[in-house]
Number of protein chains: 2
Amino acid sequence: MSQQPRAEETRSRILTAAQESFARYGYDATGVAEICRLANVSKGAFYHHFPSKQAVFLELLNRWLAELDTQLETVRASAETVPEGLVRMAGMARLVFQAADGQLPIFLEFWTKAAHDPAVWQAMIAHYRRYQAFFADMIKAGIAEGTILPIEPETTAQVIVSLAVGLVLQGLLDPHGADWGQVAQEGIRMILDSIGSNDQ
Amino acid sequence: MSQQPRAEETRSRILTAAQESFARYGYDATGVAEICRLANVSKGAFYHHFPSKQAVFLELLNRWLAELDTQLETVRASAETVPEGLVRMAGMARLVFQAADGQLPIFLEFWTKAAHDPAVWQAMIAHYRRYQAFFADMIKAGIAEGTILPIEPETTAQVIVSLAVGLVLQGLLDPHGADWGQVAQEGIRMILDSIGSNDQ
DNA sequence: AGAAACAGACCGACCGGTCGGAATGATAAT
DNA sequence: ATTATCATTCCGACCGGTCGGTCTGTTTCT
């Protein structure tokens, strides 16, 4: 696709600029011209690398989801027991809220677009269902290892994902309204309190 | 404001049309002309009743939040104990998900706009903080009546609101992916399982 | 040379909002 | 009862500006 080395760098600058602008102003409020200005790139270069503004958006979405994938998988692999893994993921939330300072709003853009745009929806739903399955698998593993009571894994997974999604949305709207990292910890603690077995 | 009876009806038709179109296509993708077409109203009439497209949006937001207010208050008043009230609210979710079929997407529009538009943000945050306080008060009442353990009411309230927000967002993205009403029930059940006292 | 990468003027569509005036209907003077 | 008056309500052509995307080159590398 890119045969000259500097092409890849241009491509990357476009993606970075788009991500920042989408996060700050929203997808619709961000013009292609504005992305080009931030990236120090001409419109010709933009449309040389991407067929449309939406294509940039979709690539950002896929990168975002892919990274979330690997992060979750890494934590799961590094935890001894399932409850410990869940608690550690909640702890990860703290990092997400501070590190991804200006990055979080784009999550909202993804979700909004998914609600109206079939192409975005398909990209989103595919990953999303995997998250449900990911947590359901964790619960099952917890039941198998005896650290979690034999409840319905799917429903519990949906509760956990709901909690996570809601936390992100609230952290977005009211970043300083609470210590969202701590709320995440507490939420997971409550859930584990309810579904965890005593003999661990 | 409206001195002739038919004016009020026109105003109402505009609001209804805008709500449907915002929900279906999103705020930005909805043109004023489209709203007028749906409402069988001219552009002149539109701008006679509203100063801008955003004003319509804000009025819809305030109506939406006000109704949520009264609904929550009604349930709280009708419940004997705090845990019972919370469970009943979770049960309400079922109605929300089916009745507000096409209405839910507008919730996402509200949130997205709040993230970028100061005017929308202020309207949103005011109500939103009241919800946090509302649930925190419920928890406090529960502690006072002895049905809930003496934990931090604010954090618990934030967990509950997170769960609620996350449920709505997931119901939006994947309406048939789960029985979201039941997930709501189960989520609340877990939380109560963790924070409820045994002597009730 | 020749393909890939880039530049930026340009285009047509669209959109929020304006404006001058036409219908409507209540009120009051005749 | 009829007409004159007048604010309210509504109409829709129109405007200024923006935006995504195209196109015709020019530059940069192999």
# chains A, B, ... in the order shown; residues from 1 in each chain; ligands from 1
>>> residues_around(residues="B:Trp64", least_positions_apart="5", cutoff="12 Å", atoms="only C-alpha atoms (C1' of nucleotides)", output="compact mmCIF listing (two decimals) with all heavy atoms, in the first residue's frame")
# COMPACT_ATOMS: atom_id res chain seq x y z
N LEU B 15 -41.79 19.60 17.95
CA LEU B 15 -41.02 18.86 18.95
C LEU B 15 -41.08 17.36 18.70
O LEU B 15 -40.06 16.66 18.76
CB LEU B 15 -41.56 19.18 20.35
CG LEU B 15 -41.12 20.53 20.92
CD1 LEU B 15 -41.92 20.88 22.16
CD2 LEU B 15 -39.63 20.53 21.23
N GLN B 19 -37.92 15.04 17.71
CA GLN B 19 -37.53 13.92 18.56
C GLN B 19 -37.36 12.65 17.74
O GLN B 19 -36.36 11.94 17.88
CB GLN B 19 -38.62 13.71 19.63
CG GLN B 19 -38.40 12.46 20.45
CD GLN B 19 -39.06 12.56 21.81
OE1 GLN B 19 -39.53 13.62 22.21
NE2 GLN B 19 -39.08 11.47 22.52
N PHE B 57 -33.57 21.06 20.55
CA PHE B 57 -32.84 19.97 21.19
C PHE B 57 -32.83 20.13 22.71
O PHE B 57 -33.13 19.18 23.45
CB PHE B 57 -31.41 19.96 20.65
CG PHE B 57 -30.57 18.80 21.11
CD1 PHE B 57 -30.79 17.53 20.60
CD2 PHE B 57 -29.57 18.99 22.04
CE1 PHE B 57 -30.01 16.48 21.00
CE2 PHE B 57 -28.79 17.93 22.46
CZ PHE B 57 -29.01 16.67 21.94
N LEU B 58 -32.54 21.32 23.16
CA LEU B 58 -32.49 21.58 24.60
C LEU B 58 -33.85 21.37 25.26
O LEU B 58 -33.93 20.84 26.37
CB LEU B 58 -32.00 23.01 24.86
CG LEU B 58 -30.48 23.17 24.84
CD1 LEU B 58 -30.10 24.63 24.96
CD2 LEU B 58 -29.85 22.37 25.97
N GLU B 59 -34.89 21.79 24.58
CA GLU B 59 -36.22 21.59 25.16
C GLU B 59 -36.55 20.11 25.27
O GLU B 59 -37.10 19.64 26.27
CB GLU B 59 -37.29 22.31 24.33
CG GLU B 59 -38.68 22.06 24.86
CD GLU B 59 -39.61 23.25 24.73
OE1 GLU B 59 -39.13 24.36 24.46
OE2 GLU B 59 -40.83 23.05 24.90
N ASP B 69 -37.17 12.34 36.19
CA ASP B 69 -37.31 12.82 37.56
C ASP B 69 -38.58 12.33 38.23
O ASP B 69 -38.55 11.67 39.27
CB ASP B 69 -37.34 14.36 37.57
CG ASP B 69 -35.96 14.96 37.79
OD1 ASP B 69 -34.98 14.28 37.48
OD2 ASP B 69 -35.90 16.10 38.28
N THR B 70 -39.69 12.65 37.62
CA THR B 70 -40.98 12.31 38.24
C THR B 70 -41.16 10.81 38.37
O THR B 70 -41.69 10.33 39.37
CB THR B 70 -42.13 12.90 37.42
OG1 THR B 70 -42.09 12.34 36.12
CG2 THR B 70 -42.03 14.42 37.34
N GLN B 71 -40.69 10.07 37.36
CA GLN B 71 -40.83 8.62 37.41
C GLN B 71 -40.08 8.04 38.61
O GLN B 71 -40.63 7.23 39.36
CB GLN B 71 -40.30 7.99 36.12
CG GLN B 71 -41.14 8.37 34.92
CD GLN B 71 -41.53 7.15 34.09
OE1 GLN B 71 -41.28 6.01 34.49
NE2 GLN B 71 -42.16 7.38 32.96
N ALA B 100 -39.94 2.72 25.11
CA ALA B 100 -39.19 3.79 24.48
C ALA B 100 -38.39 3.26 23.31
O ALA B 100 -37.25 3.67 23.09
CB ALA B 100 -38.28 4.45 25.50
N GLN B 103 -37.08 5.75 21.15
CA GLN B 103 -36.75 6.96 21.90
C GLN B 103 -35.35 6.90 22.51
O GLN B 103 -34.76 7.93 22.78
CB GLN B 103 -37.76 7.19 23.02
CG GLN B 103 -39.19 6.91 22.63
CD GLN B 103 -39.84 8.08 21.91
OE1 GLN B 103 -39.20 8.75 21.11
NE2 GLN B 103 -41.09 8.32 22.20
N LEU B 104 -34.86 5.71 22.75
CA LEU B 104 -33.58 5.58 23.45
C LEU B 104 -32.40 6.24 22.72
O LEU B 104 -31.57 6.87 23.36
CB LEU B 104 -33.26 4.11 23.70
CG LEU B 104 -33.80 3.51 25.00
CD1 LEU B 104 -33.16 2.16 25.24
CD2 LEU B 104 -33.55 4.43 26.18
N ILE B 106 -32.01 8.87 21.31
CA ILE B 106 -31.85 10.30 21.56
C ILE B 106 -31.08 10.53 22.85
O ILE B 106 -30.42 11.56 23.02
CB ILE B 106 -33.22 11.01 21.59
CG1 ILE B 106 -33.04 12.47 21.20
CG2 ILE B 106 -33.88 10.91 22.94
CD1 ILE B 106 -34.32 13.23 21.09
N PHE B 107 -31.13 9.58 23.75
CA PHE B 107 -30.35 9.66 24.98
C PHE B 107 -28.86 9.76 24.66
O PHE B 107 -28.12 10.55 25.24
CB PHE B 107 -30.64 8.42 25.84
CG PHE B 107 -29.71 8.24 27.00
CD1 PHE B 107 -29.86 8.98 28.16
CD2 PHE B 107 -28.69 7.31 26.94
CE1 PHE B 107 -29.00 8.81 29.23
CE2 PHE B 107 -27.83 7.13 28.01
CZ PHE B 107 -27.98 7.88 29.16
N PHE B 110 -28.04 13.17 23.39
CA PHE B 110 -27.92 14.10 24.51
C PHE B 110 -26.51 14.03 25.10
O PHE B 110 -25.85 15.03 25.31
CB PHE B 110 -28.95 13.78 25.59
CG PHE B 110 -30.37 14.08 25.22
CD1 PHE B 110 -31.42 13.34 25.73
CD2 PHE B 110 -30.66 15.13 24.35
CE1 PHE B 110 -32.73 13.63 25.39
CE2 PHE B 110 -31.97 15.43 23.99
CZ PHE B 110 -33.01 14.66 24.51
N ALA B 123 -27.15 21.79 31.17
CA ALA B 123 -28.49 21.26 31.39
C ALA B 123 -28.40 19.81 31.88
O ALA B 123 -29.14 19.39 32.77
CB ALA B 123 -29.30 21.34 30.10
N MET B 124 -27.48 19.08 31.30
CA MET B 124 -27.34 17.66 31.61
C MET B 124 -26.76 17.48 33.02
O MET B 124 -27.29 16.70 33.81
CB MET B 124 -26.39 17.04 30.59
CG MET B 124 -26.39 15.54 30.61
SD MET B 124 -27.57 14.86 29.46
CE MET B 124 -27.05 13.14 29.42
N HIS B 127 -29.16 18.02 36.15
CA HIS B 127 -30.04 16.89 36.46
C HIS B 127 -29.23 15.70 36.93
O HIS B 127 -29.58 15.02 37.89
CB HIS B 127 -30.84 16.50 35.21
CG HIS B 127 -31.95 17.44 34.92
ND1 HIS B 127 -33.26 17.14 35.18
CD2 HIS B 127 -31.95 18.68 34.37
CE1 HIS B 127 -34.02 18.15 34.81
NE2 HIS B 127 -33.25 19.10 34.31
>>> closest_atom_pairs(of="chain A", to="chain C", cutoff="9 Å", atoms="only C-alpha atoms (C1' of nucleotides)", output="JSON lines")
{"residue": "A:Ser2", "atom": "CA", "partner": "C:DA4", "partner_atom": "C1'", "distance": 8.2}
{"residue": "A:Gln3", "atom": "CA", "partner": "C:DA4", "partner_atom": "C1'", "distance": 7.2}
{"residue": "A:Gln4", "atom": "CA", "partner": "C:DA4", "partner_atom": "C1'", "distance": 7.4}
{"residue": "A:Arg6", "atom": "CA", "partner": "C:DA5", "partner_atom": "C1'", "distance": 8.8}
{"residue": "A:Ala7", "atom": "CA", "partner": "C:DA5", "partner_atom": "C1'", "distance": 7.0}
{"residue": "A:Val41", "atom": "CA", "partner": "C:DC6", "partner_atom": "C1'", "distance": 8.2}
{"residue": "A:Ser42", "atom": "CA", "partner": "C:DA7", "partner_atom": "C1'", "distance": 6.0}
{"residue": "A:Lys43", "atom": "CA", "partner": "C:DG8", "partner_atom": "C1'", "distance": 7.4}
{"residue": "A:Gly44", "atom": "CA", "partner": "C:DC6", "partner_atom": "C1'", "distance": 6.3}
{"residue": "A:Ala45", "atom": "CA", "partner": "C:DC6", "partner_atom": "C1'", "distance": 5.3}
{"residue": "A:His48", "atom": "CA", "partner": "C:DA5", "partner_atom": "C1'", "distance": 7.8}
>>> residues_around(residues="B:Val168", least_positions_apart="4", cutoff="8 Å", atoms="only C-alpha atoms (C1' of nucleotides)", output="list in words")
Phe97, Leu104, Ala164 and Leu172 of chain B
>>> write_last_selection(atoms="N, CA and C atoms", output="PDB file, in the first residue's frame")
ATOM      1  N   PHE B  97     -37.115  -0.202  28.141  1.00  0.00           N
ATOM      2  CA  PHE B  97     -36.488  -0.780  26.959  1.00  0.00           C
ATOM      3  C   PHE B  97     -37.486  -1.114  25.857  1.00  0.00           C
ATOM      4  N   LEU B 104     -34.860   5.714  22.754  1.00  0.00           N
ATOM      5  CA  LEU B 104     -33.581   5.585  23.447  1.00  0.00           C
ATOM      6  C   LEU B 104     -32.403   6.241  22.722  1.00  0.00           C
ATOM      7  N   ALA B 164     -26.927   1.679  35.505  1.00  0.00           N
ATOM      8  CA  ALA B 164     -28.100   2.119  34.742  1.00  0.00           C
ATOM      9  C   ALA B 164     -27.689   2.682  33.383  1.00  0.00           C
ATOM     10  N   LEU B 172     -29.139  -0.065  23.635  1.00  0.00           N
ATOM     11  CA  LEU B 172     -29.171   0.728  22.415  1.00  0.00           C
ATOM     12  C   LEU B 172     -28.428   0.030  21.297  1.00  0.00           C
TER      13      LEU B 172
END
>>> calpha_fit_and_write(fixed="chain A", moving="chain B", output="compact mmCIF listing (two decimals) with C-alpha atoms, in the first residue's frame")
# COMPACT_ATOMS: atom_id res chain seq x y z
CA MET B 1 0.15 -0.04 0.26
CA SER B 2 2.79 2.48 1.18
CA GLN B 3 5.99 1.92 -0.66
CA GLN B 4 7.89 4.96 0.35
CA PRO B 5 8.73 5.38 4.00
CA ARG B 6 7.42 8.89 4.29
CA ALA B 7 4.00 7.76 3.15
CA GLU B 8 3.52 5.70 6.29
CA GLU B 9 4.41 8.68 8.42
CA THR B 10 1.90 10.88 6.61
CA ARG B 11 -0.76 8.24 7.11
CA SER B 12 0.03 8.10 10.78
CA ARG B 13 -0.06 11.89 11.13
CA ILE B 14 -3.51 11.92 9.56
CA LEU B 15 -4.78 9.30 11.98
CA THR B 16 -3.37 11.10 15.00
CA ALA B 17 -4.79 14.43 13.92
CA ALA B 18 -8.17 12.89 13.21
CA GLN B 19 -8.26 11.18 16.58
CA GLU B 20 -7.55 14.40 18.42
CA SER B 21 -10.04 16.41 16.46
CA PHE B 22 -12.78 13.78 16.66
CA ALA B 23 -12.26 13.59 20.40
CA ARG B 24 -12.26 17.33 20.88
CA TYR B 25 -14.98 18.46 18.52
CA GLY B 26 -16.82 15.30 17.51
CA TYR B 27 -16.95 13.51 14.18
CA ASP B 28 -19.40 15.76 12.40
CA ALA B 29 -17.93 18.98 13.66
CA THR B 30 -14.51 17.94 12.40
CA GLY B 31 -13.87 18.84 8.78
CA VAL B 32 -11.45 17.01 6.56
CA ALA B 33 -9.75 20.34 6.01
CA GLU B 34 -9.23 20.68 9.75
CA ILE B 35 -7.66 17.24 9.99
CA CYS B 36 -5.34 18.15 7.15
CA ARG B 37 -4.35 21.38 8.83
CA LEU B 38 -3.52 19.61 12.11
CA ALA B 39 -1.59 16.91 10.28
CA ASN B 40 0.26 19.38 8.03
CA VAL B 41 -0.96 17.54 5.02
CA SER B 42 -2.88 18.51 1.92
CA LYS B 43 -6.31 17.29 1.03
CA GLY B 44 -4.80 15.42 -1.87
CA ALA B 45 -2.59 13.48 0.49
CA PHE B 46 -5.53 12.73 2.73
CA TYR B 47 -7.59 11.24 -0.06
CA HIS B 48 -4.57 9.43 -1.39
CA HIS B 49 -4.33 7.45 1.83
CA PHE B 50 -7.99 7.14 2.75
CA PRO B 51 -11.06 6.75 0.55
CA SER B 52 -13.22 8.83 2.85
CA LYS B 53 -13.50 10.55 6.20
CA GLN B 54 -15.46 7.60 7.49
CA ALA B 55 -12.65 5.22 6.57
CA VAL B 56 -10.36 7.12 8.93
CA PHE B 57 -12.97 6.86 11.62
CA LEU B 58 -13.34 3.12 11.12
CA GLU B 59 -9.61 2.57 11.28
CA LEU B 60 -9.42 4.50 14.53
CA LEU B 61 -12.29 2.41 15.90
CA ASN B 62 -10.61 -0.85 14.99
CA ARG B 63 -7.32 0.22 16.50
CA TRP B 64 -9.05 1.29 19.68
CA LEU B 65 -10.91 -1.99 20.04
CA ALA B 66 -7.86 -4.06 19.17
CA GLU B 67 -5.83 -2.38 21.89
CA LEU B 68 -8.57 -2.94 24.43
CA ASP B 69 -8.55 -6.58 23.40
CA THR B 70 -4.88 -7.09 24.09
CA GLN B 71 -5.01 -5.18 27.36
CA LEU B 72 -7.82 -7.32 28.74
CA GLU B 73 -6.13 -10.51 27.57
CA THR B 74 -2.87 -9.48 29.19
CA VAL B 75 -4.50 -8.87 32.54
CA ARG B 76 -6.39 -12.14 32.43
CA ALA B 77 -3.24 -14.08 31.69
CA SER B 78 -1.32 -12.43 34.51
CA ALA B 79 -3.89 -13.15 37.24
CA GLU B 80 -3.85 -16.23 39.43
CA THR B 81 -7.57 -16.45 40.11
CA VAL B 82 -10.61 -15.01 38.33
CA PRO B 83 -11.65 -12.64 41.14
CA GLU B 84 -8.10 -11.33 41.28
CA GLY B 85 -8.21 -10.72 37.53
CA LEU B 86 -11.45 -8.79 37.78
CA VAL B 87 -10.14 -6.62 40.57
CA ARG B 88 -7.00 -5.94 38.59
CA MET B 89 -9.09 -4.89 35.58
CA ALA B 90 -10.99 -2.47 37.76
CA GLY B 91 -7.65 -1.11 38.84
CA MET B 92 -6.77 -0.63 35.20
CA ALA B 93 -9.69 1.75 34.96
CA ARG B 94 -7.77 4.28 36.99
CA LEU B 95 -5.10 4.40 34.32
CA VAL B 96 -7.69 4.63 31.58
CA PHE B 97 -9.30 7.66 33.14
CA GLN B 98 -6.14 9.65 33.57
CA ALA B 99 -3.96 8.50 30.70
CA ALA B 100 -6.60 8.61 28.02
CA ASP B 101 -7.47 12.12 29.12
CA GLY B 102 -8.53 13.53 25.81
CA GLN B 103 -9.04 10.12 24.22
CA LEU B 104 -12.21 9.08 26.01
CA PRO B 105 -14.62 11.35 24.14
CA ILE B 106 -13.94 9.45 20.95
CA PHE B 107 -15.45 6.39 22.60
CA LEU B 108 -18.71 8.27 22.69
CA GLU B 109 -18.37 9.16 19.03
CA PHE B 110 -17.89 5.51 18.23
CA TRP B 111 -21.01 4.54 20.09
CA THR B 112 -23.12 7.32 18.61
CA LYS B 113 -22.07 6.52 15.08
CA ALA B 114 -22.67 2.82 15.68
CA ALA B 115 -26.27 3.62 16.53
CA HIS B 116 -26.88 5.14 13.12
CA ASP B 117 -24.25 3.84 10.71
CA PRO B 118 -24.45 0.14 9.79
CA ALA B 119 -20.78 -0.09 8.87
CA VAL B 120 -19.70 1.28 12.23
CA TRP B 121 -22.27 -0.84 13.98
CA GLN B 122 -20.91 -4.04 12.53
CA ALA B 123 -17.36 -3.23 13.49
CA MET B 124 -18.51 -2.35 16.99
CA ILE B 125 -20.87 -5.24 17.61
CA ALA B 126 -18.34 -7.84 16.59
CA HIS B 127 -15.82 -6.74 19.20
CA TYR B 128 -18.53 -5.98 21.70
CA ARG B 129 -19.96 -9.50 21.64
CA ARG B 130 -16.46 -10.81 22.15
CA TYR B 131 -16.19 -8.77 25.33
CA GLN B 132 -19.41 -10.30 26.61
CA ALA B 133 -18.01 -13.72 25.81
CA PHE B 134 -14.67 -12.81 27.34
CA PHE B 135 -16.20 -11.99 30.69
CA ALA B 136 -18.61 -14.89 30.52
CA ASP B 137 -15.61 -17.18 30.01
CA MET B 138 -13.88 -15.64 32.99
CA ILE B 139 -16.94 -16.30 35.13
CA LYS B 140 -17.10 -19.89 33.92
CA ALA B 141 -13.44 -20.35 34.72
CA GLY B 142 -14.10 -18.90 38.15
CA ILE B 143 -16.90 -21.38 38.73
CA ALA B 144 -14.65 -24.19 37.56
CA GLU B 145 -11.83 -23.17 39.89
CA GLY B 146 -14.29 -22.81 42.74
CA THR B 147 -13.78 -19.10 43.39
CA ILE B 148 -17.18 -18.11 42.02
CA LEU B 149 -20.63 -19.47 42.82
CA PRO B 150 -22.45 -21.35 40.06
CA ILE B 151 -24.57 -18.53 38.67
CA GLU B 152 -25.44 -17.61 35.09
CA PRO B 153 -22.19 -16.48 33.49
CA GLU B 154 -23.80 -14.53 30.63
CA THR B 155 -25.99 -12.31 32.76
CA THR B 156 -23.18 -11.61 35.16
CA ALA B 157 -20.90 -10.72 32.27
CA GLN B 158 -23.52 -8.29 31.01
CA VAL B 159 -23.71 -6.66 34.41
CA ILE B 160 -19.95 -6.23 34.47
CA VAL B 161 -19.82 -4.74 30.99
CA SER B 162 -22.71 -2.42 31.86
CA LEU B 163 -20.82 -1.19 34.85
CA ALA B 164 -17.72 -0.61 32.75
CA VAL B 165 -19.55 1.24 30.00
CA GLY B 166 -21.45 3.37 32.48
CA LEU B 167 -18.27 4.29 34.29
CA VAL B 168 -16.63 5.46 31.09
CA LEU B 169 -19.65 7.55 30.17
CA GLN B 170 -19.81 9.19 33.54
CA GLY B 171 -16.09 9.80 33.62
CA LEU B 172 -16.60 11.56 30.32
CA LEU B 173 -19.40 13.81 31.45
CA ASP B 174 -18.09 14.63 34.88
CA PRO B 175 -14.39 13.79 35.11
CA HIS B 176 -13.89 15.51 38.44
CA GLY B 177 -17.24 14.56 39.91
CA ALA B 178 -15.84 11.45 41.54
CA ASP B 179 -12.83 9.19 41.76
CA TRP B 180 -14.07 6.91 39.00
CA GLY B 181 -11.22 4.50 39.46
CA GLN B 182 -12.36 3.93 43.01
CA VAL B 183 -15.98 3.58 41.94
CA ALA B 184 -14.85 0.88 39.52
CA GLN B 185 -13.05 -0.93 42.32
CA GLU B 186 -16.05 -0.69 44.59
CA GLY B 187 -18.46 -1.84 41.89
CA ILE B 188 -16.44 -4.94 41.14
CA ARG B 189 -16.03 -5.56 44.84
CA MET B 190 -19.80 -5.56 45.30
CA ILE B 191 -20.33 -7.92 42.41
CA LEU B 192 -17.66 -10.29 43.70
CA ASP B 193 -19.15 -10.00 47.14
CA SER B 194 -22.35 -11.33 45.69
CA ILE B 195 -21.10 -14.01 43.31
CA GLY B 196 -17.84 -15.07 44.97
CA SER B 197 -17.66 -18.25 46.98
CA ASN B 198 -16.35 -18.07 50.52
CA ASP B 199 -13.78 -20.84 50.30
CA GLN B 200 -10.88 -19.23 48.53
>>> interface_residues(of="chain D", to="chain B", cutoff="8 Å", atoms="only C-alpha atoms (C1' of nucleotides)", output="list in words")
DT8, DT9, DC10, DC11 and DG12 of chain D
>>> select_by_dssp(residues="chain B", states="helix (DSSP H, G or I)", output="ChimeraX atom specification")
/B:5-25,32-39,43-49,53-78,82-99,104-116,118-145,153-173,180-195
